[in-house]
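Just below is one structure, and these are the notes that go with it.
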Number of protein chains: 2
Amino acid sequence: MNVTEDIIIEEQTPLTAEMLSKVNAYWRAANYLSVGQLYLRDNPLLKEPLKLTQVKNMLLGHWGTTPGQNFIYTHLNNIIKKYDLNMLYISGPGHGGPAVVAGTYLEGTYSEVYPEITQDTEGMKKLFTQFSYPGGISSHASPQTPGSIHEGGELGYSLSHAFGAVLDNPDLIVACVVGDGEAETGPLATAWHSNKFLNPLADGAVLPILHLNGYKISNPTILARISGEELEQLFRGYGYVPIFVEGSEPELMHQAMAAALEQAMHLLKQIKYNAYEHPNSVHSKWPMIILRSPKGWTGPQEVDGYKIEGTFRSHQIPLSVSAADPESHLQLLENWMKSYKPEELFDENGRLMPELADLAPKGDSRMGSNPHTNGGLLLKPLRMPGFMTYAVAVPEPGVKGEGDVHVAGRFLRDVIKQNPANFRIFGPDETVSNRLEAIFETTNRQWNTEIKDHDEYLAPTGRVMEMLSEHQCEGWLEGYLLTGRHGVFNCYEAFIHIVDSMFNQHAKWLKTTREIPWRTKIASLNILLTSTVWRQDHNGFTHQDPGFIDHVINKKSEIVRVYLPPDANCLLSVMDHCLRSYHYVNVVIAGKHPSPQWLDMDEAVEHCTRGIGIWDWASNDQQCDPDVVMACSGDVPTLETLAAVSILKEHLPEIKIRVVNVVDLLKLERKSEHPHGLTDHDFDELFTTGKPVIFAFHGYPWLIHRLTYNRTNNPNIHVRGYKEEGTITTSFDMTVLNEMDRFHLVIDVIDRLPQTGSKGTYLKQKLQDKLVEHKQYINAHGEDMPEIRNWVWTN
Amino acid sequence: MNVTEDIIIEEQTPLTAEMLSKVNAYWRAANYLSVGQLYLRDNPLLKEPLKLTQVKNMLLGHWGTTPGQNFIYTHLNNIIKKYDLNMLYISGPGHGGPAVVAGTYLEGTYSEVYPEITQDTEGMKKLFTQFSYPGGISSHASPQTPGSIHEGGELGYSLSHAFGAVLDNPDLIVACVVGDGEAETGPLATAWHSNKFLNPLADGAVLPILHLNGYKISNPTILARISGEELEQLFRGYGYVPIFVEGSEPELMHQAMAAALEQAMHLLKQIKYNAYEHPNSVHSKWPMIILRSPKGWTGPQEVDGYKIEGTFRSHQIPLSVSAADPESHLQLLENWMKSYKPEELFDENGRLMPELADLAPKGDSRMGSNPHTNGGLLLKPLRMPGFMTYAVAVPEPGVKGEGDVHVAGRFLRDVIKQNPANFRIFGPDETVSNRLEAIFETTNRQWNTEIKDHDEYLAPTGRVMEMLSEHQCEGWLEGYLLTGRHGVFNCYEAFIHIVDSMFNQHAKWLKTTREIPWRTKIASLNILLTSTVWRQDHNGFTHQDPGFIDHVINKKSEIVRVYLPPDANCLLSVMDHCLRSYHYVNVVIAGKHPSPQWLDMDEAVEHCTRGIGIWDWASNDQQCDPDVVMACSGDVPTLETLAAVSILKEHLPEIKIRVVNVVDLLKLERKSEHPHGLTDHDFDELFTTGKPVIFAFHGYPWLIHRLTYNRTNNPNIHVRGYKEEGTITTSFDMTVLNEMDRFHLVIDVIDRLPQTGSKGTYLKQKLQDKLVEHKQYINAHGEDMPEIRNWVWTN
């Protein structure tokens, strides 16, 4: 049931004449400050005739989106004050920096976080100069911008961030400006559907404001060029009630925008009320505003015979001003800035007139000061169940497990239980497939659309968010973390590449915010990858790509962590560590299929704390000099390595083998390169300075070479890993195809140890025969031969 | 003007009783073959009672989507025959393999490309056994499947591929089945807008068939759970005329589907006619079909008390059959398969009854044989203008250029001119920003929506496709290439990561199809990256990521190529080479800003042909033993290296320097690892076996270590590159922030050459002062100091 159908607010002119005049003046002030940022480095109030030397040498920045965003910000201030709202602002269009900087400067937050940017002439001069200036601030609503949890730049994630931010924040409204350029991106196009997941009682509200600015860099936008009828149908189809504000005449537009916001607030209130009265109603039609205004509104109309306002030509700098340009351009700039009548807006000293300053909300109601935009301020550490109580019994190495991720599911279930409204799990319809189903003993998938008989684990509120879009999962989680909460994204390993670029941007955000004193640390972004490259029995080659690690470790070492726990107890220890950590991206790669367990809980904690270590129980070098180091990282490589060790022990018992397992991958890097890195001394202690190292690795083998190229023993490190060979087949056959199976590993050892002599040659031949036998058997039976299926580690 | 509004076809029962019965039988045959693929390895016609040993050991595959796709394929056959259509089929939902395999087997194409899979009992047994079987075929419509240009697996790209395929193919119709799961992905959600770009006269038509199957792996789908009103509004908003086919009763559904296809064909004909009569009309409302049918249709209704058909439980194997299951399951399977009445469908020998076989189209009209689905069959080499005629004059190294990509724009313009309907350029609204605007001297951006005054380069037909979605650009281009044409994707370097996962899948497709004898080679996927990491003067940190190279070279070496031409003439040579190549992904990274030119055309051709080489004119080692090798790859690193060399020559003239430039990055790999790789001997000849190498690299520095870790001189290779430091600043300042500037490079040399003695120490101090001076100057003036801005190479 749903009664929030389109209610038309009668009052189309909600602003009094006085208020209208003030709102318009406030907007002019924001526009003035925006143009100033684009152009000036001196004479900020234009008290003297503008000279070329007062204009920046390089004019860089974007005017097109700015006046529209100033318009929106001004009106949001107004409605926040009127209804005492808890609202934050997301600037979706790419280069809206000047608008958000102007807005937060006018309301006072900018000077609070940057005391040197004072609210006077001198401060205004600095404000102008720093913009798009070497070492200054970028032209987006960047991490440096107060009130921002979302940086322009790479477009498409504003709505996902907005919806993530309001989850479990029932009083919060996120006003999310969506550019009509970014609206063409895939992630944004599907993010509109986020409204089907929002619970009107337990979550806050997103007010999307689609800004039909009309143009991208040099093209029109699609949504600005389809018919009004299609536009309305599209957004009704997406489940919204679109409220249109269209035009260019400021007075009419102010009234229309104020009326639209009144209507939107009315609808939001009604949705909340309905939900309270009818808690089982689903899928409210949420309001949105569609604002159609000229690109570069109030800017130059025409320059050198080209129309500027309302065309793509106002996208960046609409008017070039330099010694190379006609002198008239300088005059045009001065006229343009003076058209805002700065003398009516700022006093002698460059301070905003008090009656205008009064329009902004106060304190934390200011969008630049909303504590949700600096999530660490609100961050509560997770209440953590003792992870050791979820331990699986490992009376001896090699006992069969139930699937490592499956075990972790019980731990995550209880993290959920103990942290209502502070922890969520995100995934593209894979939580059950990834064997985390224990979670559903305590919670459901949140779903505010129709629920039918035979559906499972769906409810209007729940801690699990699933949509078949990795972009949404990542974007929602980012929004949730950025506003001070915790979470995990679980994903098939191969398809995490879908969000490579989103990871990039979040890692850059974390790196930058570490360096900004007023920014607080947020919870880590935890990515749990399973359904890995080695276990794609019925998905095959398309599902095989372990390269996300390669991608991740290109980012700053203080931000990224990569873990490959070899069994369930190690996974528990790693997950506990990751959930307690701050301001990292933690990538955890673990298996979901039953596989052997190696360490009991105490051993696992010790091993994971070190991150890398010798497994004495599997080695036979008696902690002395080994003949060969068998290193492994990842569950399947560990299994094959230990199987290889058992063959070697049986057939070539005189060889001294050291087994090294790597959980924390970046231990392999030099200490100077990564905070977790081993010193050369410690590395040499583990891997020796001259003995062959046969390294079985979960991912692409050359990654290990990249990490170890400058270690003493580099020339002797031989790595096996995934080399892009795969098909529909068993996990063991996958290791054969990529030559990382037990037989190849033993042959690798024999090839590097001439002392194995004729015994070695004989064994090698036997193993090569085994490989042929394996191929024949699997072709005939469609499964591995019994000696592989039934293999168990024995010491 | 637009007259193709919703025409209701009167005839709702277009099939005669006889035809209805035949169509239903054909569908049953396809369903029977699909279930057989999932379960059986023997007794394919169930001539004897089914035994457990005849069932596969591991049951892997997906039933849920299959009967719906069989239904669609059968009806498409029917309409193809009726109207003699040129149609191909794209299977968007993930695991539709059994359907496409069944469809192509029934029509005969499967046995033509795989002669061992005969159309008889023995062939049917093999067909069944190979499915989801080690070394067999995957559960998607994979490269092995005839008629497929699109593999399931990673979801979201079916519609983009479909639209790419019909560009410049005016007679082609692509029937594109879109799963309601994949419809939740971002790329698919925005791909619906592709209809705004299609020209009804010059291009073919896409008929999207949204399959509302209702469920994903374990969740319902969004589009199946919104109201019918919203669903219709959404697709009308996207610009389509949705035709609904809903139900489960086969007879009614057959008639409804046949009627829907009649209506769709009628609308398509009308669109073509309108376009012919009114060539300036824009944005036709294209038909689409929305098919709502039960997931796992015709499969088991209930198993062990759970409802299967019409729920998420029919997604994969709906009925488990093994020794561990109740025996009744085996009986259920037999009953299920027999419900299709195989004895009415196949003769004694397992051959499809002739009156049913007659329903399929013949020859190349069969969707599995459409030559567009094996693009190399239709591939015409590009007519290439002589690239050397676009050469820029380089009377001496160091002359100022106009922007390397800008020069290449003129070459691409003439490639366009000479190859109508065989070559296109794709990009996310960046063709002008990337300085390729010469292209618009000969063509326009194709845009079939409203065009307004002051728009530039828009027209109903044009060779440039621009939408602000890297996913669309990549997907359209892939569809265009896969159907036998050529193209280039131009993109900002940082944002190419948006399509990392699409690149993965395309590279896997190329790798796999190389190994399939009946598949032909297609044109290379050419990616031109510009607006690079070093030149983000007004975009800053978010736009800085050179890591696509790292991502690309994880894929098979026979597929990927990476080029970093240092100047315009080299770029011309490289682009010419790439456009002539087949079955690669070529990544070309080049600058768009004016920068120095080094090689005249003849030198450039020689250099690019080698791919790597000593620049004698810049070296002073007289081709003897150098003291240091200064290596560089990329335009900015080359500039800084040469500037460093000029400082060294002036201040430390006694040092013998060898300058090596790398255009073809994979020359650095070993020959055993990549076909372009240098032998160890050749590598050592260039880089010496013991002298310091200072390598300035365009991307992340460790990539060079990864490529060279096993070369003799590895310990002496010192790499500078982008190490994730950046902000809004000049290109030179970016090199300073990342310590790759000329001053740091000289200091690197001094640090490694003790023989430079006190002269070296003195110079180092002077350069460190320079770095301080630079920082002060740029902070004060917002631009580089004159000695940087005005620096020119002199020998």
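Labels used: A, B, ... for chains in the order of the structure tokens, numbers from 1 for residues in each chain, and numbers from 1 for ligands as shown.
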I need the strand (DSSP E) residues of region 255-442 of chain A per DSSP on the backbone, written as a ChimeraX atom specification.
/A:286-292,302-303,306-307,399-400,423-427
Show which residues sit within 7 Å of Asp576 (chain B), as a PyMOL selection string. Count only C-alpha atoms, and ignore same-chain residues fewer than 4 positions away.
chain B and resi 387+572+580
Emit the selected residues as an mmCIF file, in the first residue's frame, including N, CA and C atoms.
```
data_model
loop_
_atom_site.group_PDB
_atom_site.id
_atom_site.type_symbol
_atom_site.label_atom_id
_atom_site.label_comp_id
_atom_site.auth_asym_id
_atom_site.auth_seq_id
_atom_site.Cartn_x
_atom_site.Cartn_y
_atom_site.Cartn_z
ATOM 1 N N PHE B 387 50.903 6.855 -43.658
ATOM 2 C CA PHE B 387 51.038 7.623 -42.411
ATOM 3 C C PHE B 387 52.210 8.590 -42.459
ATOM 4 N N LEU B 572 52.493 8.257 -35.029
ATOM 5 C CA LEU B 572 51.948 7.934 -36.351
ATOM 6 C C LEU B 572 52.348 6.518 -36.760
ATOM 7 N N ARG B 580 46.648 -1.937 -38.538
ATOM 8 C CA ARG B 580 46.809 -3.039 -39.487
ATOM 9 C C ARG B 580 46.815 -4.406 -38.806
#
```
Counting only C-alpha atoms, which residues from chain A have an atom at most 6 Å from any atom of chain B, and could you show them as a VMD selection string?
chain A and resid 60 132 to 134 138 153 184 to 187 189 to 190 225 230 to 231 233 to 234 237 450 468 to 469 497 to 498 501 538 542 706 709 728 to 729 782
To one decimal place in Å, what is the distance between CA of Leu510 (chain A) and CA of Tyr157 (chain A)?
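These atoms are spaced 16.4 Å apart.
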List every residue of region 114-213 of chain B that DSSP, applied to the backbone of this structure, assigns to alpha helix (DSSP H), and report them as a CSV table (one decimal) with N, CA, C and O atoms, in the first residue's frame.
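Wrote out.csv, looks like this:
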```csv
chain,number,residue,atom,x,y,z
B,121,THR,N,22.3,-40.5,-32.2
B,121,THR,CA,22.4,-40.8,-30.8
B,121,THR,C,23.8,-40.7,-30.3
B,121,THR,O,24.0,-40.1,-29.2
B,122,GLU,N,24.8,-41.1,-31.0
B,122,GLU,CA,26.1,-41.0,-30.6
B,122,GLU,C,26.6,-39.6,-30.4
B,122,GLU,O,27.2,-39.2,-29.4
B,123,GLY,N,26.2,-38.7,-31.4
B,123,GLY,CA,26.5,-37.3,-31.3
B,123,GLY,C,25.8,-36.6,-30.1
B,123,GLY,O,26.4,-35.8,-29.4
B,124,MET,N,24.6,-37.1,-29.9
B,124,MET,CA,23.8,-36.5,-28.7
B,124,MET,C,24.5,-36.8,-27.4
B,124,MET,O,24.6,-36.0,-26.5
B,125,LYS,N,25.0,-38.0,-27.4
B,125,LYS,CA,25.7,-38.5,-26.1
B,125,LYS,C,26.9,-37.6,-25.9
B,125,LYS,O,27.2,-37.2,-24.8
B,126,LYS,N,27.6,-37.4,-27.0
B,126,LYS,CA,28.8,-36.5,-26.8
B,126,LYS,C,28.4,-35.1,-26.4
B,126,LYS,O,29.1,-34.4,-25.6
B,127,LEU,N,27.4,-34.6,-27.1
B,127,LEU,CA,26.9,-33.2,-26.8
B,127,LEU,C,26.5,-33.1,-25.3
B,127,LEU,O,26.9,-32.1,-24.7
B,128,PHE,N,25.9,-34.1,-24.8
B,128,PHE,CA,25.5,-34.1,-23.4
B,128,PHE,C,26.7,-34.1,-22.5
B,128,PHE,O,26.9,-33.4,-21.5
B,129,THR,N,27.6,-35.1,-22.8
B,129,THR,CA,28.8,-35.3,-21.9
B,129,THR,C,29.7,-34.1,-21.8
B,129,THR,O,30.2,-33.8,-20.7
B,130,GLN,N,30.0,-33.4,-22.9
B,130,GLN,CA,31.0,-32.4,-22.9
B,130,GLN,C,30.6,-31.2,-22.1
B,130,GLN,O,31.4,-30.4,-21.7
B,158,SER,N,25.7,-7.2,-22.8
B,158,SER,CA,25.0,-7.7,-24.0
B,158,SER,C,24.4,-6.6,-24.9
B,158,SER,O,24.6,-6.7,-26.1
B,159,LEU,N,23.7,-5.7,-24.3
B,159,LEU,CA,23.1,-4.6,-25.1
B,159,LEU,C,24.2,-3.8,-25.8
B,159,LEU,O,24.0,-3.4,-27.0
B,160,SER,N,25.2,-3.5,-25.1
B,160,SER,CA,26.3,-2.7,-25.8
B,160,SER,C,26.9,-3.4,-27.0
B,160,SER,O,27.1,-2.9,-28.0
B,161,HIS,N,27.1,-4.7,-26.8
B,161,HIS,CA,27.6,-5.5,-27.9
B,161,HIS,C,26.6,-5.5,-29.0
B,161,HIS,O,27.0,-5.4,-30.2
B,162,ALA,N,25.3,-5.6,-28.7
B,162,ALA,CA,24.3,-5.7,-29.7
B,162,ALA,C,24.3,-4.4,-30.5
B,162,ALA,O,24.2,-4.4,-31.8
B,163,PHE,N,24.3,-3.3,-29.9
B,163,PHE,CA,24.3,-2.0,-30.6
B,163,PHE,C,25.5,-1.8,-31.4
B,163,PHE,O,25.5,-1.3,-32.5
B,164,GLY,N,26.7,-2.2,-30.9
B,164,GLY,CA,27.9,-2.1,-31.6
B,164,GLY,C,27.9,-3.0,-32.9
B,164,GLY,O,28.4,-2.6,-33.9
B,165,ALA,N,27.2,-4.1,-32.8
B,165,ALA,CA,27.1,-5.1,-33.9
B,165,ALA,C,26.3,-4.5,-35.1
B,165,ALA,O,26.6,-4.7,-36.2
B,166,VAL,N,25.3,-3.7,-34.8
B,166,VAL,CA,24.4,-3.3,-35.9
B,166,VAL,C,24.8,-2.0,-36.5
B,166,VAL,O,24.3,-1.6,-37.6
B,186,GLY,N,25.3,-1.7,-13.8
B,186,GLY,CA,25.4,-0.4,-14.3
B,186,GLY,C,25.5,-0.3,-15.8
B,186,GLY,O,24.7,0.4,-16.4
B,187,PRO,N,26.5,-1.0,-16.4
B,187,PRO,CA,26.6,-0.9,-17.8
B,187,PRO,C,25.3,-1.3,-18.6
B,187,PRO,O,25.0,-0.6,-19.5
B,188,LEU,N,24.6,-2.3,-18.1
B,188,LEU,CA,23.3,-2.6,-18.8
B,188,LEU,C,22.3,-1.5,-18.6
B,188,LEU,O,21.6,-1.1,-19.6
B,189,ALA,N,22.3,-0.9,-17.4
B,189,ALA,CA,21.2,0.1,-17.1
B,189,ALA,C,21.4,1.3,-18.0
B,189,ALA,O,20.4,1.9,-18.4
B,190,THR,N,22.6,1.6,-18.4
B,190,THR,CA,22.8,2.8,-19.2
B,190,THR,C,22.8,2.4,-20.7
B,190,THR,O,22.5,3.3,-21.6
B,191,ALA,N,23.0,1.1,-21.0
B,191,ALA,CA,23.1,0.7,-22.4
B,191,ALA,C,21.7,0.9,-23.1
B,191,ALA,O,21.7,1.0,-24.4
```
9 Å contact set for Thr735 (chain B), only C-alpha atoms, chain neighbours under 3 positions out, as a ChimeraX atom specification
/B:534,636-637,640,721-722,730-732,738-742
Exercise: Pro200 (chain A) partners within 10 Å, only C-alpha atoms, chain neighbours under 5 positions left out, as a PyMOL selection string:
chain A and resi 167+170+195+205+268-269+271-276+279+281-284+286+448+460-461
Neighbour list for region 251-253 of chain A as a ChimeraX atom specification, cut-off 12 Å, only C-alpha atoms, skip fewer than 5 positions in-chain
/A:12-25,27,68,71-72,75,244-246,258-260,291-294,297
With N, CA and C atoms retained, export the selected residues as a CSV table (one decimal), in the first residue's frame.
```csv
chain,number,residue,atom,x,y,z
A,12,GLN,N,2.8,28.2,-4.9
A,12,GLN,CA,3.9,28.2,-5.9
A,12,GLN,C,4.9,29.4,-5.7
A,13,THR,N,4.6,30.3,-4.7
A,13,THR,CA,5.5,31.4,-4.5
A,13,THR,C,5.8,31.4,-3.0
A,14,PRO,N,6.5,30.5,-2.4
A,14,PRO,CA,6.6,30.4,-1.0
A,14,PRO,C,7.5,31.5,-0.4
A,15,LEU,N,8.3,32.1,-1.2
A,15,LEU,CA,9.3,33.1,-0.7
A,15,LEU,C,8.6,34.5,-0.6
A,16,THR,N,8.7,35.2,0.5
A,16,THR,CA,8.3,36.6,0.5
A,16,THR,C,9.2,37.4,-0.3
A,17,ALA,N,8.8,38.6,-0.6
A,17,ALA,CA,9.6,39.5,-1.5
A,17,ALA,C,11.0,39.7,-0.8
A,18,GLU,N,11.0,39.9,0.5
A,18,GLU,CA,12.2,40.2,1.2
A,18,GLU,C,13.1,39.0,1.1
A,19,MET,N,12.5,37.8,1.4
A,19,MET,CA,13.3,36.6,1.4
A,19,MET,C,13.8,36.3,0.0
A,20,LEU,N,13.0,36.5,-1.0
A,20,LEU,CA,13.4,36.3,-2.4
A,20,LEU,C,14.7,37.2,-2.7
A,21,SER,N,14.6,38.4,-2.3
A,21,SER,CA,15.7,39.3,-2.5
A,21,SER,C,17.0,38.8,-1.8
A,22,LYS,N,16.8,38.4,-0.6
A,22,LYS,CA,18.0,37.9,0.2
A,22,LYS,C,18.5,36.6,-0.4
A,23,VAL,N,17.7,35.7,-0.8
A,23,VAL,CA,18.1,34.4,-1.4
A,23,VAL,C,18.9,34.7,-2.7
A,24,ASN,N,18.3,35.6,-3.4
A,24,ASN,CA,19.0,36.0,-4.7
A,24,ASN,C,20.4,36.6,-4.4
A,25,ALA,N,20.5,37.4,-3.4
A,25,ALA,CA,21.7,38.1,-3.0
A,25,ALA,C,22.7,37.0,-2.6
A,27,TRP,N,22.8,33.9,-3.4
A,27,TRP,CA,23.3,33.2,-4.7
A,27,TRP,C,24.3,34.0,-5.4
A,68,GLY,N,24.5,26.7,-11.1
A,68,GLY,CA,23.4,25.8,-10.7
A,68,GLY,C,23.6,25.2,-9.3
A,71,PHE,N,23.0,27.8,-6.7
A,71,PHE,CA,21.5,28.0,-6.6
A,71,PHE,C,21.0,26.9,-5.7
A,72,ILE,N,21.3,25.6,-5.9
A,72,ILE,CA,20.8,24.5,-5.1
A,72,ILE,C,21.3,24.7,-3.7
A,75,HIS,N,19.4,27.3,-1.7
A,75,HIS,CA,18.0,26.9,-1.4
A,75,HIS,C,18.0,25.8,-0.3
A,244,PHE,N,9.6,19.2,-11.2
A,244,PHE,CA,10.3,19.9,-12.2
A,244,PHE,C,10.5,21.4,-11.8
A,245,VAL,N,11.8,21.9,-12.0
A,245,VAL,CA,12.1,23.3,-11.8
A,245,VAL,C,12.8,23.7,-13.1
A,246,GLU,N,12.2,24.5,-13.9
A,246,GLU,CA,12.8,24.7,-15.2
A,246,GLU,C,12.8,26.2,-15.6
A,258,ALA,N,12.1,26.9,-4.4
A,258,ALA,CA,11.7,26.9,-3.0
A,258,ALA,C,10.4,26.0,-2.9
A,259,ALA,N,9.5,26.2,-3.9
A,259,ALA,CA,8.3,25.4,-3.9
A,259,ALA,C,8.6,23.9,-4.0
A,260,ALA,N,9.5,23.6,-4.9
A,260,ALA,CA,9.9,22.2,-5.1
A,260,ALA,C,10.4,21.6,-3.9
A,291,LEU,N,16.1,19.8,-12.1
A,291,LEU,CA,16.3,21.2,-12.2
A,291,LEU,C,17.0,21.4,-13.6
A,292,ARG,N,16.2,22.1,-14.5
A,292,ARG,CA,16.7,22.4,-15.8
A,292,ARG,C,17.1,23.9,-15.9
A,293,SER,N,18.4,24.2,-15.9
A,293,SER,CA,18.9,25.6,-15.9
A,293,SER,C,20.0,25.7,-16.9
A,294,PRO,N,20.3,26.9,-17.4
A,294,PRO,CA,21.3,27.0,-18.4
A,294,PRO,C,22.7,26.7,-17.9
A,297,TRP,N,25.0,29.5,-16.2
A,297,TRP,CA,24.0,30.5,-15.9
A,297,TRP,C,24.6,31.7,-15.3
```
